[in-house]
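Asker: So here's coords-v8.pdb, just PDB, C-alpha atoms and all ligand atoms:
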MODEL        1
ATOM      1  CA  ARG A 639      53.762  23.460  77.547
ATOM      2  CA  ARG A 640      50.525  25.354  77.422
ATOM      3  CA  ALA A 641      50.311  28.990  78.404
ATOM      4  CA  ALA A 642      50.425  29.151  82.177
ATOM      5  CA  ASN A 643      47.109  30.942  82.460
ATOM      6  CA  ARG A 644      45.179  28.386  80.450
ATOM      7  CA  GLU A 645      44.028  24.962  81.488
ATOM      8  CA  ALA A 646      43.874  22.201  78.874
ATOM      9  CA  ALA A 647      40.807  20.865  80.652
ATOM     10  CA  PRO A 648      39.123  22.520  83.609
ATOM     11  CA  ILE A 649      40.694  21.094  86.713
ATOM     12  CA  ASP A 650      38.631  21.106  89.889
ATOM     13  CA  CYS A 651      39.297  24.075  92.116
ATOM     14  CA  VAL A 652      40.200  22.760  95.570
ATOM     15  CA  MET A 653      41.221  24.956  98.508
ATOM     16  CA  ALA A 654      44.406  24.341 100.492
ATOM     17  CA  ASP A 655      42.368  22.524 103.166
ATOM     18  CA  GLY A 656      40.725  20.209 100.641
ATOM     19  CA  THR A 657      37.410  22.088 100.306
ATOM     20  CA  ARG A 658      35.953  22.002  96.776
ATOM     21  CA  LEU A 659      35.129  25.497  95.572
ATOM     22  CA  PRO A 660      33.856  25.282  91.984
ATOM     23  CA  VAL A 661      34.541  28.270  89.753
ATOM     24  CA  TYR A 662      32.148  28.691  86.836
ATOM     25  CA  ALA A 663      31.928  31.215  84.014
ATOM     26  CA  ASN A 664      29.209  33.765  83.297
ATOM     27  CA  VAL A 665      28.203  33.363  79.667
ATOM     28  CA  GLY A 666      25.952  35.063  77.144
ATOM     29  CA  SER A 667      26.552  33.026  73.987
ATOM     30  CA  VAL A 668      27.872  29.754  72.576
ATOM     31  CA  ALA A 669      31.284  31.328  71.937
ATOM     32  CA  ASP A 670      31.443  32.506  75.562
ATOM     33  CA  ALA A 671      30.825  28.976  76.796
ATOM     34  CA  ALA A 672      33.624  27.469  74.734
ATOM     35  CA  ARG A 673      36.045  30.234  75.706
ATOM     36  CA  GLY A 674      35.053  29.935  79.349
ATOM     37  CA  LEU A 675      36.070  26.296  79.352
ATOM     38  CA  ALA A 676      39.417  27.205  77.800
ATOM     39  CA  PHE A 677      40.004  29.552  80.734
ATOM     40  CA  GLY A 678      39.354  26.769  83.233
ATOM     41  CA  ALA A 679      35.663  27.256  84.008
ATOM     42  CA  GLU A 680      34.055  24.181  85.529
ATOM     43  CA  GLY A 681      30.789  24.930  83.749
ATOM     44  CA  SER A 682      28.539  27.995  83.689
ATOM     45  CA  GLY A 683      27.013  29.504  86.818
ATOM     46  CA  LEU A 684      25.046  32.055  84.829
ATOM     47  CA  LEU A 685      23.733  32.039  81.293
ATOM     48  CA  ARG A 686      22.078  35.398  80.704
ATOM     49  CA  THR A 687      19.323  34.429  78.253
ATOM     50  CA  GLU A 688      18.490  38.050  77.462
ATOM     51  CA  PHE A 689      20.855  37.866  74.469
ATOM     52  CA  LEU A 690      18.275  35.672  72.726
ATOM     53  CA  PHE A 691      15.425  38.093  73.264
ATOM     54  CA  LEU A 692      16.972  41.506  72.618
ATOM     55  CA  ASP A 693      17.267  43.299  69.274
ATOM     56  CA  ARG A 694      14.512  41.470  67.449
ATOM     57  CA  PRO A 695      10.886  42.220  66.569
ATOM     58  CA  THR A 696       9.387  39.011  67.987
ATOM     59  CA  ALA A 697      10.255  36.594  70.770
ATOM     60  CA  PRO A 698      12.512  33.667  69.825
ATOM     61  CA  THR A 699      10.507  30.507  69.217
ATOM     62  CA  GLU A 700      10.745  27.525  71.498
ATOM     63  CA  ALA A 701      12.764  25.684  68.826
ATOM     64  CA  GLU A 702      15.194  28.599  68.416
ATOM     65  CA  GLN A 703      15.728  28.769  72.150
ATOM     66  CA  GLN A 704      16.156  25.019  72.434
ATOM     67  CA  ALA A 705      18.820  25.033  69.712
ATOM     68  CA  GLU A 706      20.794  27.794  71.463
ATOM     69  CA  TYR A 707      20.621  26.200  74.896
ATOM     70  CA  GLN A 708      21.647  22.862  73.385
ATOM     71  CA  ALA A 709      24.590  24.437  71.570
ATOM     72  CA  ILE A 710      25.764  26.061  74.805
ATOM     73  CA  ALA A 711      25.386  22.812  76.744
ATOM     74  CA  ASP A 712      27.361  21.024  74.011
ATOM     75  CA  ALA A 713      30.082  23.683  74.154
ATOM     76  CA  LEU A 714      30.390  23.020  77.915
ATOM     77  CA  ARG A 715      30.989  19.326  77.198
ATOM     78  CA  GLY A 716      28.960  17.816  80.009
ATOM     79  CA  LYS A 717      29.798  20.446  82.625
ATOM     80  CA  PRO A 718      26.923  22.113  84.494
ATOM     81  CA  LEU A 719      24.938  24.843  82.728
ATOM     82  CA  THR A 720      22.938  27.242  84.877
ATOM     83  CA  ILE A 721      20.312  28.947  82.744
ATOM     84  CA  ARG A 722      18.691  32.086  84.090
ATOM     85  CA  THR A 723      15.177  32.742  82.879
ATOM     86  CA  LEU A 724      14.515  35.992  81.063
ATOM     87  CA  ASP A 725      15.682  38.987  83.091
ATOM     88  CA  ILE A 726      14.337  41.926  81.218
ATOM     89  CA  GLY A 727      13.308  45.225  82.743
ATOM     90  CA  GLY A 728      11.381  48.378  82.038
ATOM     91  CA  ASP A 729      14.601  50.097  80.958
ATOM     92  CA  LYS A 730      15.278  47.383  78.347
ATOM     93  CA  PRO A 731      12.036  47.435  76.362
ATOM     94  CA  LEU A 732      11.236  44.603  73.979
ATOM     95  CA  PRO A 733       8.917  45.536  71.110
ATOM     96  CA  TYR A 734       6.836  42.417  71.677
ATOM     97  CA  LEU A 735       6.445  43.098  75.397
ATOM     98  CA  LYS A 736       4.038  45.912  75.954
ATOM     99  CA  GLN A 737       5.222  47.560  79.131
ATOM    100  CA  ALA A 738       3.966  50.844  80.478
ATOM    101  CA  ALA A 739       6.551  53.606  80.752
ATOM    102  CA  GLU A 740       7.983  53.678  84.263
ATOM    103  CA  GLU A 741       9.478  56.524  86.267
ATOM    104  CA  ASN A 742      11.769  54.145  88.170
ATOM    105  CA  PRO A 743      12.354  51.116  85.950
ATOM    106  CA  ILE A 744      14.984  49.756  88.343
ATOM    107  CA  LEU A 745      12.153  49.454  90.866
ATOM    108  CA  GLY A 746       9.622  48.453  88.268
ATOM    109  CA  VAL A 747       8.491  45.457  86.263
ATOM    110  CA  ARG A 748      11.741  43.473  85.953
ATOM    111  CA  GLY A 749      12.837  39.840  85.939
ATOM    112  CA  ILE A 750      10.285  37.487  87.484
ATOM    113  CA  ARG A 751       7.768  40.355  87.544
ATOM    114  CA  VAL A 752       7.756  40.309  83.749
ATOM    115  CA  SER A 753       7.361  36.519  83.784
ATOM    116  CA  ARG A 754       4.307  36.792  86.018
ATOM    117  CA  ARG A 755       2.694  39.064  83.477
ATOM    118  CA  ARG A 756       3.733  36.862  80.562
ATOM    119  CA  PRO A 757       3.574  33.270  81.837
ATOM    120  CA  ASP A 758       3.413  32.113  78.210
ATOM    121  CA  LEU A 759       7.009  33.274  77.732
ATOM    122  CA  LEU A 760       8.166  31.564  80.919
ATOM    123  CA  ARG A 761       6.430  28.298  80.000
ATOM    124  CA  GLN A 762       7.993  28.373  76.567
ATOM    125  CA  GLN A 763      11.434  29.009  78.038
ATOM    126  CA  PHE A 764      11.046  26.209  80.593
ATOM    127  CA  ARG A 765      10.072  23.809  77.778
ATOM    128  CA  ALA A 766      13.034  24.819  75.619
ATOM    129  CA  ILE A 767      15.388  24.301  78.568
ATOM    130  CA  LEU A 768      13.850  20.969  79.564
ATOM    131  CA  LYS A 769      14.456  19.639  76.053
ATOM    132  CA  VAL A 770      18.247  20.025  76.378
ATOM    133  CA  THR A 771      19.977  16.647  76.378
ATOM    134  CA  PRO A 772      21.246  15.399  78.674
ATOM    135  CA  VAL A 773      18.955  17.469  80.879
ATOM    136  CA  SER A 774      21.035  16.359  83.871
ATOM    137  CA  VAL A 775      23.605  19.108  83.115
ATOM    138  CA  VAL A 776      20.980  21.842  83.416
ATOM    139  CA  ARG A 777      20.083  24.018  86.368
ATOM    140  CA  ILE A 778      17.519  26.803  86.129
ATOM    141  CA  MET A 779      17.359  30.000  88.133
ATOM    142  CA  MET A 780      14.987  32.911  88.267
ATOM    143  CA  PRO A 781      15.911  36.577  88.610
ATOM    144  CA  MET A 782      14.632  39.262  90.973
ATOM    145  CA  ILE A 783      12.788  36.967  93.370
ATOM    146  CA  ALA A 784      11.585  39.117  96.274
ATOM    147  CA  ASP A 785       8.771  37.027  97.631
ATOM    148  CA  ILE A 786       8.259  33.334  98.293
ATOM    149  CA  GLY A 787       4.984  33.461  96.375
ATOM    150  CA  GLU A 788       6.950  34.196  93.220
ATOM    151  CA  LEU A 789       9.082  31.104  93.724
ATOM    152  CA  ARG A 790       6.054  28.910  94.441
ATOM    153  CA  TRP A 791       4.240  30.242  91.390
ATOM    154  CA  ALA A 792       7.205  29.597  89.082
ATOM    155  CA  LYS A 793       7.771  26.169  90.582
ATOM    156  CA  GLY A 794       4.152  25.257  89.906
ATOM    157  CA  ILE A 795       4.478  26.237  86.264
ATOM    158  CA  PHE A 796       7.806  24.440  86.006
ATOM    159  CA  GLU A 797       6.362  21.208  87.392
ATOM    160  CA  GLU A 798       3.427  21.427  84.979
ATOM    161  CA  GLU A 799       5.711  21.823  81.962
ATOM    162  CA  LYS A 800       8.013  19.079  83.210
ATOM    163  CA  ALA A 801       5.125  16.663  83.623
ATOM    164  CA  ALA A 802       3.690  17.574  80.215
ATOM    165  CA  LEU A 803       7.051  16.787  78.610
ATOM    166  CA  GLY A 804       7.441  13.579  80.617
ATOM    167  CA  VAL A 805      10.766  14.719  82.102
ATOM    168  CA  THR A 806      11.411  12.716  85.252
ATOM    169  CA  ALA A 807      15.035  13.745  85.863
ATOM    170  CA  ASP A 808      15.764  16.055  88.745
ATOM    171  CA  VAL A 809      16.318  19.549  87.315
ATOM    172  CA  PRO A 810      17.349  21.947  90.091
ATOM    173  CA  LEU A 811      15.311  25.150  90.270
ATOM    174  CA  GLY A 812      17.110  27.951  92.081
ATOM    175  CA  ILE A 813      16.773  31.673  92.564
ATOM    176  CA  MET A 814      18.890  34.766  92.283
ATOM    177  CA  ILE A 815      19.374  36.547  95.595
ATOM    178  CA  GLU A 816      19.591  40.160  94.502
ATOM    179  CA  VAL A 817      16.742  41.907  96.287
ATOM    180  CA  PRO A 818      17.112  42.722 100.006
ATOM    181  CA  ALA A 819      13.655  41.257 100.684
ATOM    182  CA  ALA A 820      14.947  37.866  99.521
ATOM    183  CA  VAL A 821      17.760  38.075 102.077
ATOM    184  CA  ALA A 822      15.247  38.887 104.804
ATOM    185  CA  MET A 823      13.185  35.860 103.702
ATOM    186  CA  ALA A 824      16.193  33.647 103.030
ATOM    187  CA  ASP A 825      15.334  30.973 105.605
ATOM    188  CA  LYS A 826      11.992  30.307 103.950
ATOM    189  CA  LEU A 827      13.378  30.581 100.419
ATOM    190  CA  ALA A 828      16.236  28.183 101.198
ATOM    191  CA  GLN A 829      13.730  25.506 102.138
ATOM    192  CA  GLU A 830      11.990  25.679  98.768
ATOM    193  CA  ALA A 831      14.725  26.693  96.318
ATOM    194  CA  ASP A 832      17.281  24.128  95.173
ATOM    195  CA  PHE A 833      20.070  26.707  95.262
ATOM    196  CA  PHE A 834      20.793  30.404  95.716
ATOM    197  CA  SER A 835      22.899  32.474  93.361
ATOM    198  CA  ILE A 836      23.746  35.902  94.722
ATOM    199  CA  GLY A 837      23.604  38.696  92.159
ATOM    200  CA  THR A 838      25.887  41.230  93.748
ATOM    201  CA  ASN A 839      25.314  43.846  91.039
ATOM    202  CA  ASP A 840      21.644  44.283  91.842
ATOM    203  CA  LEU A 841      22.006  43.408  95.520
ATOM    204  CA  THR A 842      24.540  46.219  95.931
ATOM    205  CA  GLN A 843      22.328  48.639  94.044
ATOM    206  CA  TYR A 844      19.337  47.865  96.252
ATOM    207  CA  VAL A 845      21.183  47.643  99.577
ATOM    208  CA  LEU A 846      23.013  50.940  99.024
ATOM    209  CA  ALA A 847      20.064  52.546  97.187
ATOM    210  CA  MET A 848      22.408  53.564  94.369
ATOM    211  CA  ASP A 849      21.454  53.052  90.723
ATOM    212  CA  ARG A 850      24.080  50.729  89.243
ATOM    213  CA  GLY A 851      24.038  52.796  86.036
ATOM    214  CA  ASN A 852      24.584  56.154  87.740
ATOM    215  CA  THR A 853      28.030  57.323  86.646
ATOM    216  CA  GLU A 854      28.281  60.017  89.300
ATOM    217  CA  LEU A 855      27.740  57.479  92.068
ATOM    218  CA  ALA A 856      29.868  54.793  90.400
ATOM    219  CA  PRO A 857      32.933  55.292  92.635
ATOM    220  CA  GLU A 858      30.764  54.699  95.721
ATOM    221  CA  ILE A 859      28.955  51.638  94.395
ATOM    222  CA  ASP A 860      31.252  49.010  95.853
ATOM    223  CA  SER A 861      29.988  45.498  96.577
ATOM    224  CA  LEU A 862      32.635  45.119  99.302
ATOM    225  CA  HIS A 863      30.677  47.584 101.445
ATOM    226  CA  PRO A 864      30.162  45.861 104.820
ATOM    227  CA  ALA A 865      26.403  46.414 104.507
ATOM    228  CA  VAL A 866      26.383  44.355 101.314
ATOM    229  CA  LEU A 867      28.686  41.731 102.835
ATOM    230  CA  LYS A 868      26.272  41.423 105.758
ATOM    231  CA  THR A 869      23.424  40.527 103.387
ATOM    232  CA  ILE A 870      25.624  38.009 101.554
ATOM    233  CA  GLY A 871      26.583  36.407 104.867
ATOM    234  CA  ASP A 872      22.941  36.264 105.967
ATOM    235  CA  ALA A 873      21.896  34.571 102.722
ATOM    236  CA  ALA A 874      24.782  32.103 102.923
ATOM    237  CA  ALA A 875      23.996  31.247 106.554
ATOM    238  CA  ALA A 876      20.356  30.614 105.697
ATOM    239  CA  GLY A 877      21.438  28.412 102.804
ATOM    240  CA  ALA A 878      23.737  26.420 105.091
ATOM    241  CA  ARG A 879      20.968  25.931 107.653
ATOM    242  CA  HIS A 880      18.752  24.294 105.049
ATOM    243  CA  GLY A 881      21.224  22.474 102.810
ATOM    244  CA  CYS A 882      20.795  24.980  99.982
ATOM    245  CA  PRO A 883      24.060  25.700  98.089
ATOM    246  CA  VAL A 884      24.891  29.399  97.752
ATOM    247  CA  GLY A 885      26.893  30.665  94.784
ATOM    248  CA  VAL A 886      27.767  34.186  93.734
ATOM    249  CA  CYS A 887      27.390  35.163  90.071
ATOM    250  CA  GLY A 888      27.486  38.960  90.319
ATOM    251  CA  GLY A 889      30.533  41.065  89.544
ATOM    252  CA  LEU A 890      31.989  40.563  93.018
ATOM    253  CA  ALA A 891      32.696  36.900  92.173
ATOM    254  CA  SER A 892      35.271  38.075  89.620
ATOM    255  CA  GLU A 893      37.206  40.207  92.099
ATOM    256  CA  LEU A 894      40.238  38.557  93.682
ATOM    257  CA  PRO A 895      40.062  40.559  96.953
ATOM    258  CA  ALA A 896      36.481  39.374  97.423
ATOM    259  CA  ALA A 897      37.243  35.648  97.146
ATOM    260  CA  PRO A 898      38.425  34.983 100.727
ATOM    261  CA  ILE A 899      35.623  37.128 102.127
ATOM    262  CA  LEU A 900      32.879  35.415 100.120
ATOM    263  CA  ILE A 901      34.205  31.966 100.988
ATOM    264  CA  GLY A 902      34.503  32.984 104.640
ATOM    265  CA  LEU A 903      30.881  34.170 104.578
ATOM    266  CA  GLY A 904      29.836  30.681 103.483
ATOM    267  CA  VAL A 905      29.578  30.968  99.708
ATOM    268  CA  THR A 906      30.055  27.536  98.089
ATOM    269  CA  SER A 907      30.796  28.407  94.431
ATOM    270  CA  LEU A 908      31.683  31.380  92.262
ATOM    271  CA  SER A 909      30.728  32.256  88.701
ATOM    272  CA  ALA A 910      33.066  34.813  87.170
ATOM    273  CA  THR A 911      34.065  36.596  83.999
ATOM    274  CA  ARG A 912      36.117  34.085  82.053
ATOM    275  CA  SER A 913      39.336  36.085  81.727
ATOM    276  CA  GLY A 914      39.702  36.288  85.498
ATOM    277  CA  ILE A 915      39.162  32.588  86.128
ATOM    278  CA  PRO A 916      42.786  31.344  85.962
ATOM    279  CA  ASP A 917      43.995  33.852  88.583
ATOM    280  CA  LEU A 918      40.888  33.308  90.686
ATOM    281  CA  LYS A 919      41.376  29.540  90.803
ATOM    282  CA  ALA A 920      45.088  29.912  91.515
ATOM    283  CA  PHE A 921      44.329  32.249  94.439
ATOM    284  CA  ILE A 922      41.543  30.073  95.876
ATOM    285  CA  ARG A 923      43.895  27.078  95.853
ATOM    286  CA  THR A 924      46.108  28.930  98.352
ATOM    287  CA  LEU A 925      43.243  29.677 100.773
ATOM    288  CA  ASP A 926      41.845  27.693 103.675
ATOM    289  CA  LYS A 927      38.461  28.018 105.378
ATOM    290  CA  GLY A 928      39.890  29.207 108.712
ATOM    291  CA  THR A 929      41.696  32.149 107.127
ATOM    292  CA  CYS A 930      38.645  32.997 105.032
ATOM    293  CA  ARG A 931      36.360  33.020 108.076
ATOM    294  CA  ALA A 932      38.736  35.329 109.946
ATOM    295  CA  VAL A 933      38.955  37.694 106.974
ATOM    296  CA  ALA A 934      35.164  37.712 106.540
ATOM    297  CA  GLU A 935      34.629  38.423 110.211
ATOM    298  CA  GLU A 936      37.080  41.292 110.108
ATOM    299  CA  ALA A 937      35.462  42.694 106.947
ATOM    300  CA  LEU A 938      32.058  42.718 108.638
ATOM    301  CA  SER A 939      33.493  44.719 111.545
ATOM    302  CA  LEU A 940      34.807  47.519 109.320
ATOM    303  CA  ASP A 941      33.131  50.805 108.398
ATOM    304  CA  SER A 942      33.425  51.038 104.632
ATOM    305  CA  ALA A 943      34.340  49.287 101.404
ATOM    306  CA  ALA A 944      37.594  51.256 101.343
ATOM    307  CA  GLU A 945      38.533  49.840 104.745
ATOM    308  CA  VAL A 946      37.682  46.326 103.565
ATOM    309  CA  ARG A 947      39.875  46.751 100.485
ATOM    310  CA  ALA A 948      42.740  48.118 102.603
ATOM    311  CA  MET A 949      42.467  45.181 105.025
ATOM    312  CA  VAL A 950      42.642  42.641 102.186
ATOM    313  CA  ALA A 951      45.560  44.529 100.611
ATOM    314  CA  ARG A 952      47.476  44.319 103.892
ATOM    315  CA  ARG A 953      47.023  40.541 103.996
ATOM    316  CA  TRP A 954      47.661  39.931 100.295
ATOM    317  CA  PRO A 955      49.812  42.831  99.063
ATOM    318  CA  GLY A 956      50.217  41.285  95.628
ATOM    319  CA  LEU A 957      46.543  41.086  94.621
TER     320      LEU A 957
HETATM  321  C1  LIG B1001      23.547  40.657  89.348
HETATM  322  O1  LIG B1001      22.612  41.433  89.518
HETATM  323  O2  LIG B1001      24.564  40.632  90.065
HETATM  324  C2  LIG B1001      23.515  39.680  88.235
HETATM  325  C3  LIG B1001      24.388  38.687  88.137
HETATM  326  O3  LIG B1001      22.571  39.860  87.276
HETATM  327  P1  LIG B1001      22.653  41.006  86.152
HETATM  328  O4  LIG B1001      23.991  41.667  86.281
HETATM  329  O5  LIG B1001      22.430  40.304  84.865
HETATM  330  O6  LIG B1001      21.512  41.880  86.573
HETATM  331 MG    MG B1002      20.754  41.127  88.452
ENDMDL
END
Let's see the structure in the file written out as structure tokens.

Answerer:
Amino acid sequence: RRAANREAAPIDCVMADGTRLPVYANVGSVADAARGLAFGAEGSGLLRTEFLFLDRPTAPTEAEQQAEYQAIADALRGKPLTIRTLDIGGDKPLPYLKQAAEENPILGVRGIRVSRRRPDLLRQQFRAILKVTPVSVVRIMMPMIADIGELRWAKGIFEEEKAALGVTADVPLGIMIEVPAAVAMADKLAQEADFFSIGTNDLTQYVLAMDRGNTELAPEIDSLHPAVLKTIGDAAAAGARHGCPVGVCGGLASELPAAPILIGLGVTSLSATRSGIPDLKAFIRTLDKGTCRAVAEEALSLDSAAEVRAMVARRWPGL
């Protein structure tokens, strides 16, 4: 028999009431993708492409990118691969990206804001991704969307590159929900994005106004804060209203106590750190939607992340 915490092949994660709740892995390399599968991931819900761009004097070529994305898709053996476009910020300078020094890089030129200043890089990345075969496994998402104009602009560029390459397949184009403005605009965004993926690391930082890298504040930066949960619930409800699937790929997706709450708030898939996937899937298989909704509702009524954690611990003492 195989080790109990490994799955020979990823088996669909199905809740006790029959609801499918896919669990994907966050990956940053080819090796990550292969290992993720070994831990039961049903594909990747987040490929951080930064790894290709950092620590080098020039940007990777289109061919280099294409080869990496293809190798990762191959490692996932036909399972979905969600590729996030370059998410670089003022605090992670690239020598070939001339960015002005910023006093508050966390609030500066990051993610899609970099892409808008360097559309050549975004076009090149779109082309490299669109050349993956079969392209039907690929989904693309863009980081730090705060404004519907950003989505429309990127979509326009995407459609141009797709047409130029003669790609006719449907390649979903989604967005990260990690800026409070995107939650406030979620009804509009859900009508034009193919999916949402909630980045709870940045969303928590911006909702609580606490720098995610600040070690002194670290104990207080808890994504289970009811204020953060409220934004997740709002985004998920907007997604549901418009038929837009809503996943979570931030750190909260890897936390067992968060699973019933996120599902109860309407989240439809999770993308987690690979080592936590076996326990996460095992726990989700014991849950049903009714329980999750009750737990989510109770969490939203509480005053703090500590209270939310205590409530979950009372219901599931073993977690
Ligand atoms: C997030 O912000 O939650 C996220 C998944 O993106 P990153 O951690 O790469 O900023
Ligand atoms: Mg982020």

Asker: Would you translate the PyMOL selection byres (((chain A and resi 847-850) around 12) and not hetatm) into the concrete set of residues it matches in this file, as a VMD selection string?

Answerer: chain A and resid 742 to 745 817 to 818 838 to 846 851 to 861 865 to 866 889

Asker: Could you save the residues just selected, with C-alpha atoms, as an mmCIF file, keeping the file's coordinate frame?

Answerer:
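New file again15.cif:
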data_model
loop_
_atom_site.group_PDB
_atom_site.id
_atom_site.type_symbol
_atom_site.label_atom_id
_atom_site.label_comp_id
_atom_site.auth_asym_id
_atom_site.auth_seq_id
_atom_site.Cartn_x
_atom_site.Cartn_y
_atom_site.Cartn_z
ATOM 1 C CA ASN A 742 11.769 54.145 88.170
ATOM 2 C CA PRO A 743 12.354 51.116 85.950
ATOM 3 C CA ILE A 744 14.984 49.756 88.343
ATOM 4 C CA LEU A 745 12.153 49.454 90.866
ATOM 5 C CA VAL A 817 16.742 41.907 96.287
ATOM 6 C CA PRO A 818 17.112 42.722 100.006
ATOM 7 C CA THR A 838 25.887 41.230 93.748
ATOM 8 C CA ASN A 839 25.314 43.846 91.039
ATOM 9 C CA ASP A 840 21.644 44.283 91.842
ATOM 10 C CA LEU A 841 22.006 43.408 95.520
ATOM 11 C CA THR A 842 24.540 46.219 95.931
ATOM 12 C CA GLN A 843 22.328 48.639 94.044
ATOM 13 C CA TYR A 844 19.337 47.865 96.252
ATOM 14 C CA VAL A 845 21.183 47.643 99.577
ATOM 15 C CA LEU A 846 23.013 50.940 99.024
ATOM 16 C CA GLY A 851 24.038 52.796 86.036
ATOM 17 C CA ASN A 852 24.584 56.154 87.740
ATOM 18 C CA THR A 853 28.030 57.323 86.646
ATOM 19 C CA GLU A 854 28.281 60.017 89.300
ATOM 20 C CA LEU A 855 27.740 57.479 92.068
ATOM 21 C CA ALA A 856 29.868 54.793 90.400
ATOM 22 C CA PRO A 857 32.933 55.292 92.635
ATOM 23 C CA GLU A 858 30.764 54.699 95.721
ATOM 24 C CA ILE A 859 28.955 51.638 94.395
ATOM 25 C CA ASP A 860 31.252 49.010 95.853
ATOM 26 C CA SER A 861 29.988 45.498 96.577
ATOM 27 C CA ALA A 865 26.403 46.414 104.507
ATOM 28 C CA VAL A 866 26.383 44.355 101.314
ATOM 29 C CA GLY A 889 30.533 41.065 89.544
#

Asker: Enter the distance from atom CA of Ala824 of chain A to atom CA of Glu936 of chain A, in Å, rounded to one decimal.

Answerer: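 Distance between the two atoms: 23.3 Å.
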
Asker: Report, in Å to a single decimal, how far apart atom CA of Ile870 of chain A and atom CA of Pro883 of chain A are.

Answerer: 12.9 Å

Asker: Which chain A residues have any atom within 12 Å of an atom of ligand MG 1002 (chain B), and for each, what is the nearest pair of atoms with distance in Å to one decimal, counting only C-alpha atoms and all ligand atoms, rows sorted by chain and number, as a tab-separated table?

Answerer:
residue	atom	partner	partner_atom	distance
A:Leu684	CA	B:MG1002	MG	10.7
A:Leu685	CA	B:MG1002	MG	11.9
A:Arg686	CA	B:MG1002	MG	9.7
A:Glu688	CA	B:MG1002	MG	11.6
A:Arg722	CA	B:MG1002	MG	10.2
A:Thr723	CA	B:MG1002	MG	11.5
A:Leu724	CA	B:MG1002	MG	10.9
A:Asp725	CA	B:MG1002	MG	7.7
A:Ile726	CA	B:MG1002	MG	9.7
A:Gly727	CA	B:MG1002	MG	10.2
A:Ile744	CA	B:MG1002	MG	10.4
A:Arg748	CA	B:MG1002	MG	9.6
A:Gly749	CA	B:MG1002	MG	8.4
A:Ile750	CA	B:MG1002	MG	11.1
A:Met779	CA	B:MG1002	MG	11.6
A:Met780	CA	B:MG1002	MG	10.0
A:Pro781	CA	B:MG1002	MG	6.6
A:Met782	CA	B:MG1002	MG	6.9
A:Ile783	CA	B:MG1002	MG	10.2
A:Ile813	CA	B:MG1002	MG	11.1
A:Met814	CA	B:MG1002	MG	7.7
A:Ile815	CA	B:MG1002	MG	8.6
A:Glu816	CA	B:MG1002	MG	6.2
A:Val817	CA	B:MG1002	MG	8.8
A:Ser835	CA	B:MG1002	MG	10.2
A:Ile836	CA	B:MG1002	MG	8.7
A:Gly837	CA	B:MG1002	MG	5.3
A:Thr838	CA	B:MG1002	MG	7.4
A:Asn839	CA	B:MG1002	MG	5.9
A:Asp840	CA	B:MG1002	MG	4.7
A:Leu841	CA	B:MG1002	MG	7.5
A:Thr842	CA	B:MG1002	MG	9.8
A:Gln843	CA	B:MG1002	MG	9.5
A:Tyr844	CA	B:MG1002	MG	10.4
A:Arg850	CA	B:MG1002	MG	10.2
A:Val886	CA	B:MG1002	MG	11.2
A:Cys887	CA	B:MG1002	MG	9.1
A:Gly888	CA	B:MG1002	MG	7.3
A:Gly889	CA	B:MG1002	MG	9.8

Asker: Return as lines of an AutoDock Vina configuration file the box centre and box size in Å, one decimal, for an axis-aligned box around all listed atoms of ligand LIG 1001 (chain B) padded by 5 Å per side.

Answerer:
center_x = 23.0
center_y = 40.3
center_z = 87.5
size_x = 13.1
size_y = 13.2
size_z = 15.2

Asker: Have a look at A:Val665, A:Ala876, A:Ile915, A:Val776 and name the one nearest to ligand LIG 1001 (chain B); count all atoms listed in the file.

Answerer: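 Among the listed residues, A:Val665 lies closest to ligand LIG 1001 (chain B).
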
Asker: Given the file above and the PyMOL selection byres (((chain A and resi 893) around 12) and not hetatm), which residues are selected, and can you give them as a PyMOL selection string?

Answerer: chain A and resi 838+860-862+886-892+894-900+908-915+917-919+921-922+947+950+957

Asker: Applied to this file, what does the PyMOL selection byres (((chain A and resi 906) around 8) and not hetatm) return in terms of residues, put as a PyMOL selection string?

Answerer: chain A and resi 659-660+883-885+901+904-905+907-908

Asker: For Ala937 of chain A, find every residue with an atom within 10 Å (counting all atoms listed in the file), except residues of its own chain fewer than 4 positions away, and show them as a ChimeraX atom specification.

Answerer: /A:862-864,867-868,899,903,931-933,941-943,945-947,949-950
